[in-house]
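Okay, structure first, notes after.
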Amino acid sequence: AQTVTQSQPEMSVQEAETVTLSCTYDTSENNYYLFWYKQPPSRQMILVIRQEAYKQQNATENRFSVNFQKAAKSFSLKISDSQLGDTAMYFCAFMTSIRGGATNKLIFGTGTLLAVQP
Amino acid sequence: DGGITQSPKYLFRKEGQNVTLSCEQNLNHDAMYWYRQDPGQGLRLIYYSQIVNDFQKGDIAEGYSVSREKKESFPLTVTSAQKNPTAFYLCASSMDILSEQYFGPGTRLTVT
């Protein structure tokens, strides 16, 4: 069964600095998608970034980038120039890319609570 | 504006009562999902629907029921058989089963 592990329950960073959130996953599949979602205090889940496993190039969205290490099954999120509005719970999630597969669904980690300090 | 709406934001019910949570989307997405979120845990899938008039159980479907009579709507009923219904419920939709999911604002259900 696929699992997603976020080993950092809480992290803190100073405004304007860079922070990296860790995520590891376990799967026997070769094709899949990985996501980072952000949940601010409003509790709305917001998609931050998406990575296809077949792509070697790491995904980037403005200040957010990932370090995808397929062999190590690692998918970390780097936030550059941290802003107060980045304060949120961050969830890593996995989804198989095989249509009709047993897990055509998002599997979430338990989250990392990031606090950006002024 | 396109998006996903969930109502109400807060819902209170007495134990033993069934309650229905609303989820509507105007994104023309085929797939819709219901998740439950408890403190200290990630989201867990309750039910999902790939297309109108079809839905599948997720990991924690016991005590819940859904319907998908319209593309835009995917209501979730929390029945009295659900042993621990107090939680935050999130609805999501995606273009298809393999696309990224977009979430609604959620409903906080409290059962006493």
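Here's how to read the names in the structure tokens: chain A, B, ... by the order shown, residue numbers from 1 in each chain, ligand numbers from 1 in the order shown.
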
- Message: Using DSSP assignments from the backbone, pull out every residue in segment 62-99 of chain A that falls under strand (DSSP E) and give it to me as a ChimeraX atom specification.
- Response: /A:64-69,74-79,88-96

- Skip segment 67-73 of chain B itself and residues of its chain fewer than 5 positions away, then list as a ChimeraX atom specification all residues within 8 Å of it, counting only C-alpha atoms. /B:22-26,28-30,49,51-55

- Task: Output as an MDAnalysis selection string the set of chain A residues within 6 Å of chain B, with distances taken over only C-alpha atoms.
- Result: chainID A and resid 44:45 108:110

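Shortest atom-to-atom contact with Leu84 of chain A among A:Pro118, A:Glu52, A:Leu113, A:Lys38: A:Pro118, counting only C-alpha atoms.
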
- Item | Shell around Leu77 of chain A at 10 Å using only C-alpha atoms, local window under 2 positions removed, as a PyMOL selection string | chain A and resi 19-23+35-36+48-49+59-60+64-68+75+79-80+90+92

Please dump the current selection as a PDB file, in the first residue's frame; keep C-alpha atoms.
```pdb
ATOM      1  CA  VAL A  19      12.656  26.816   4.345  1.00  0.00           C
ATOM      2  CA  THR A  20      12.431  23.213   3.141  1.00  0.00           C
ATOM      3  CA  LEU A  21       9.652  20.820   4.129  1.00  0.00           C
ATOM      4  CA  SER A  22      10.327  17.099   3.852  1.00  0.00           C
ATOM      5  CA  CYS A  23       8.151  14.349   2.429  1.00  0.00           C
ATOM      6  CA  PHE A  35       1.419  17.266  -4.806  1.00  0.00           C
ATOM      7  CA  TRP A  36       1.918  19.843  -2.100  1.00  0.00           C
ATOM      8  CA  VAL A  48       0.709  24.682  -4.284  1.00  0.00           C
ATOM      9  CA  ILE A  49       2.590  22.534  -6.764  1.00  0.00           C
ATOM     10  CA  ALA A  59       8.443  21.647 -10.708  1.00  0.00           C
ATOM     11  CA  THR A  60       8.521  25.336  -9.814  1.00  0.00           C
ATOM     12  CA  PHE A  64       7.770  27.397  -4.408  1.00  0.00           C
ATOM     13  CA  SER A  65       9.916  24.616  -5.842  1.00  0.00           C
ATOM     14  CA  VAL A  66      10.346  20.927  -5.223  1.00  0.00           C
ATOM     15  CA  ASN A  67      13.311  18.590  -4.988  1.00  0.00           C
ATOM     16  CA  PHE A  68      12.021  15.327  -6.433  1.00  0.00           C
ATOM     17  CA  PHE A  75       9.610  14.994  -2.506  1.00  0.00           C
ATOM     18  CA  ILE A  79       9.759  28.022  -0.032  1.00  0.00           C
ATOM     19  CA  SER A  80      11.997  30.960  -0.892  1.00  0.00           C
ATOM     20  CA  TYR A  90       1.415  21.951   4.386  1.00  0.00           C
ATOM     21  CA  CYS A  92       2.255  16.259   0.822  1.00  0.00           C
TER      22      CYS A  92
END
```

- Quick one: distance from atom CA of Tyr33 of chain A to atom CA of Tyr54 of chain A in Å, one decimal?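 So the answer is 8.8 Å.
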